[in-house]
Structures are given as structure tokens and as C-alpha cells.
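Only one structure is covered here, and it is reproduced in the block below.
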Protein chains: 2
Amino acid sequence: MKTFKLTIEYDGTGYHGWQTQAEDITLQETIEKALTVMTREKIRIAGSGRTDAGVHAYAQVASFKTRAAIPAHGFQAGLNSLLPNDIVIKACEPAKDNFHARFSARNKTYQYRIYNHPLPIAVGRQYAWHIRKNLDVGAMEQAAGHIIGTHDFKSFEGTGSPRDHTVRTLTNATLSKTDDGYVVFNITANGFLRYMVRNLTGTLADVGLGKTSAERFRQILDAKNRKLAGATAPPQGLFLMNVGY
Amino acid sequence: MKTFKLTIEYDGTGYHGWQTQAEDITLQETIEKALTVMTREKIRIAGSGRTDAGVHAYAQVASFKTRAAIPAHGFQAGLNSLLPNDIVIKACEPAKDNFHARFSARNKTYQYRIYNHPLPIAVGRQYAWHIRKNLDVGAMEQAAGHIIGTHDFKSFEGTGSPRDHTVRTLTNATLSKTDDGYVVFNITANGFLRYMVRNLTGTLADVGLGKTSAERFRQILDAKNRKLAGATAPPQGLFLMNVGY
């Protein structure tokens with residue numbers, strides 16, 4: 001058996017998330033079917049983690065094992081010709097036997113994009129959350145400063161999440177404003193709870209809108225109570241940017 | 001009767017072009033239906049020109065006349081709430097009685113976006129033409145220099161085009177390369193023939209790929225013969241950027 005590592009870009013608009021489900025079309029299932037066509041084996045791929053319905057990735061990582069005598073560049077070219085054009089295999093590399101996209105991951109980086117303008121956008125609306133009212137990015141930056149380091153993120157966890165504990169270590173959480181009207185939130189951690197980035201973004205947006213203060217944001221984190229945090233930001237603004245190994 | 005000027009952004013992916021047709025859903029028809037809902041009149045809008053199926057606009061302009069006592073900001077807000085989210089009314093202004101989006105237009109600017117990379121993109125694939133092989137942008141710039149000024153563009157006209165003559169005056173035709181892998185072609189003229197930007201782009205791409213020289217590009221222009229030009233570039237890379245009045 002050989003082990004391979006895939007780096008995958010996808011537009012999540014047309015998928016019910018990463019993980020295979022009984023009813024709906026998912027990214028994992030779509031890629032597995034293409035690998036099965038190529039290898040004539042029943043292939044199971046392991047993603048670095050789930051992404052939810054409508055969430056995108058520039059560099060999701062997945063691993064799989066196969067007996068097929070296909071080289072890495074053959075998998076890349078073959079998958080890119082078989083897969084629909086909303087999935088692109090950016091790299092395929094041979095990996096060590098014990099490599100596993102989820103268990104071997106050391107950190108992940110997500111980006112959340114808010115389009116902040118009185119009018120919505122038509123071009124690119126699938127790739128951002130539109131907020132009409134002007135966001136106070138300085139206040140959001142101040143709030144984001146409170147989550148750097150090791151914290152219990154229970155307040156920002158989605159319900160029904162499978163996990164051992166809710167403590168995670170954030171090494172980066174920065175905000176920036178682009179010339180063309182986007183507020184971009186970049187966040188890196190050793191791992192993420194379900195909906196964590198979207199819940200953090202929703203609550204940071206409340207800070208930017210003046211509904212919550214940066215100090216109150218800190219109290220919400222400390223309270224370890226999901227009911228205190230803001231709404232979950234919509235999926236289409238979220239991008240998985242990098243998985244570190 | 002009052003006359004209004006609309007400035008419209010749209011993602012053309014889901015439409016069979018601007019102009020109303022018997023069978024397929026078009027942008028003009030979609031906006032007219034929303035105006036009819038608002039005014040209870042049968043409204044006809046005049047666009048600055050057609051855009052083809054799959055072509056986008058950041059600032060298409062359209063004009064219409066109505067007896068309804070709705071102010072300009074009322075039309076803008078009402079249309080934006082009635083229209084699907086791939087169409088955004090960026091502005092609505094009262095216009096002079098004799099204003100007509102097509103006949104009053106003095107110039108138009110289009111942008112064509114080529115994504116030039118060995119691998120395609122998943123995110124944003126609806127907004128660019130993917131060319132794998134490296135383009136020689138310097139050679140394309142040299143070729144584009146030949147079309148500035150007043151010329152007969154018969155070689156770059158689509159078949160079956162309605163027009164009096166094929167002479168147009170170009171005031172700008174520039175190429176640039178972005179840090180993230182795009183080759184961007186900006187072009188401004190007093191008017192465009194059908195498929196003209198896409199035919200110019202397809203032939204410029206041939207120059208960039210070394211299939212045609214910049215000198216040969218000049219000869220194709222001078223020959224006034226469509227059969228000599230390159231293929232028509234696909235619609236999804238084309239954006240109507242501005243209409244000048």
C-alpha cells in the first residue's frame with residue numbers, strides 16, 4: 001500500500017460540505033468516486049477536517065492509501081480531468097505510511113471575508129459575507145487580540161460537536177481592510193471546534209457594529225457559554241487556507 | 001414621463017445575455033419584470049448595448065421611462081429587494097428626457113481576465129479564461145499597440161452582427177499582469193462590434209502563446225477578414241466596466 005497526500009482547492013457552493021453523507025453530494029465522496037474510477041479500488045480519503053456546506057478551500061489536505069501503480073503526478077492529472085471544475089487538485093505527493101491528513105496536522109489557517117459596503121456585490125457574492133453598515137475594524141482587532149494564545153473556546157463552539165475538550169491554541173488572529181471594501185479575518189490555530197471561525201466572526205462583527213465591546217468579547221470568551229456569543233457568520237465567506245504538518 | 005438612468009452590476013453566469021429573447025432568461029427581461037412589479041406599467045429598458053451569455057458587468061447602464069411617482073432612490077431600493085442576488089443596482093439617477101443608454105453613450109470600457117497558470121482555479125473560475133501555457137505579455141502589449149486609434153475592425157467582428165460600418169476608435173488597449181497570476185486586458189472605444197473584445201482577446205492570446213507574432217496581428221487587422229483572426233475567447237472572462245456619456 002502506498003500513501004498519498006492531496007492538496008485541494010474547491011468552491012464549496014455546490015456541495016453539502018466535505019464529509020460524505022447519505023443523501024447529499026459532498027466533496028469527499030466526489031473525490032473518492034474519481035479515485036475509485038482511477039484505481040478500481042474502493043478508496044477512502046481522510047480530510048484534514050470537515051468543512052461545512054458552502055465553505056471553500058484554497059488548500060484542503062487529504063490522504064489516502066492505494067495498491068494501484070499510479071505515480072503521484074498521474075493521480076493529479078487524472079483527478080483533474082475526472083473531477084468537476086469546482087474542484088482542483090493543486091498537488092499530489094507520496095507520503096510516509098503513517099501520514100494521516102487529520103491526525104498529522106499541526107495547525108490550520110482559515111480566512112473569513114466580509115464585504116463591507118452599503119450595497120451588495122453580484123460578482124463574487126459566493127465568496128463573502130455582505131455587511132452594509134460600516135465596521136469599526138480597530139475595535140474588531142482589539143477584540144481579536146483577546147483570543148490569541150491558549151483558551152477554552154466553548155463559547156464559540158457549535159452545538160453537537162464531537163471533541164474531547166474545547167481548549168485550543170491560537171497563534172494568529174488578525175484583521176485587515178482591503179482597498180476594495182473587504183474586511184479580512186485571518187486565523188491560525190492548532191485546531192478548531194465546529195463553527196468556531198464562523199462563531200468568532202459573527203461575534204467580531206457585533207463588535208465592529210458597536211453591538212458588543214471588545215471588553216465584552218473578552219467576557220464572552222471567559223464565560224464559556226455559547227449563548228452569549230453572536231450569530232454564526234454565513235458559510236460562503238469562509239476559506240480553509242492552509243494545513244500545516 | 002420621467003426618464004431614469006440605472007447603473008447595474010451583474011454576474012452573467014446564470015443568464016443568456018442581456019437582451020430579451022423568446023425562450024431563455026435574460027438580464028433585460030429580469031430587470032423589466034421587477035420594474036413592472038414596482039410601477040404597474042409595462043416598462044422597456046434600453047441597455048447601453050448587449051452583453052453575451054455568460055459575460056459580466058460592473059457598470060452596465062440602462063435607461064427607462066415611467067409615469068410612476070417613484071423617486072430614484074425608491075427605484076434603487078425597490079429593485080435591489082426584488083431582483084435576484086446576481087444583479088445589483090449600483091445607482092439610479094433621474095436623467096434628461098432625451099437620455100438613452102445606447103444612443104447617448106460616448107465610449108465603453110471592457111476588461112478581459114485571463115488566469116495564466118499551469119493549474120486551473122476552482123474559486124473564481126466563473127470570472128476568468130484559464131490558459132495553462134505561459135503568455136508572453138510583452139508580445140501581447142506590442143500587438144495591442146496596433147489597435148489604438150481609428151481602424152476598420154472587420155477582422156474581429158462576429159458573424160451576423162447588426163451594424164452600419166465596422167470602423168471604431170480605440171482610445172485605450174493595455175495589458176497588465178497581476179501578482180496572483182492574471183493577465184488583464186483593458187480596452188476603451190467609442191463602440192464595439194459584436195464579439196470584438198473576445199475576438200481581439202483570442203487573437204492576442206495566440207500572440208502571447210507564440211502562435212502569431214505582433215506583426216502578424218497587425219496584418220490580420222489590416223486584412224479586414226474574420227477568417228484570419230484567432231478563436232473567440234470564452235465569455236466568462238469578460239466584464240463591462242464603464243459606459244461614458
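Ordering of the C-alpha cells sets the chain letters (A, B, ...), residue numbers begin anew at 1 in every chain, and ligands are numbered from 1 in the order given.
Near Leu228 of chain A, within 8 Å and counting only C-alpha atoms, sit Ser155, Ile220 and Asn225 of chain A, not including residues fewer than 3 positions from it in the same chain.
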Selection to disk with C-alpha atoms, as a short mmCIF file (atom, residue, chain, number, x, y, z; two decimals), in the first residue's frame:
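Contents of out-v8.cif, as written:
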```
data_model
loop_
_atom_site.label_atom_id
_atom_site.label_comp_id
_atom_site.auth_asym_id
_atom_site.auth_seq_id
_atom_site.Cartn_x
_atom_site.Cartn_y
_atom_site.Cartn_z
CA SER A 155 -18.43 29.96 23.93
CA ILE A 220 -17.90 36.12 26.37
CA ASN A 225 -21.17 29.80 27.33
#
```
* To do: Output the contact residues of chain B with respect to chain A at a cut-off of 10 Å, based on only C-alpha atoms, as a ChimeraX atom specification.
  => /B:8-13,56-58,77,80,84-91,118-127,239
* Within 7 Å of Arg168 of chain B, counting only C-alpha atoms, which residues show up once you throw out same-chain ones fewer than 5 positions away? Write them as number ranges by chain, please. => B: 150-153, 189-192
* Please return as a ChimeraX atom specification: the residues of segment 1-242 of chain A that backbone DSSP assigns to helix (DSSP H, G or I). => /A:12-14,27-39,72-82,125-127,137-145,154-156,196-208,214-223,226-228,235-237
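Atom pair atom CA of Ala205 of chain A / atom CA of Pro235 of chain A has a distance of 14.5 Å (rounded to one decimal).
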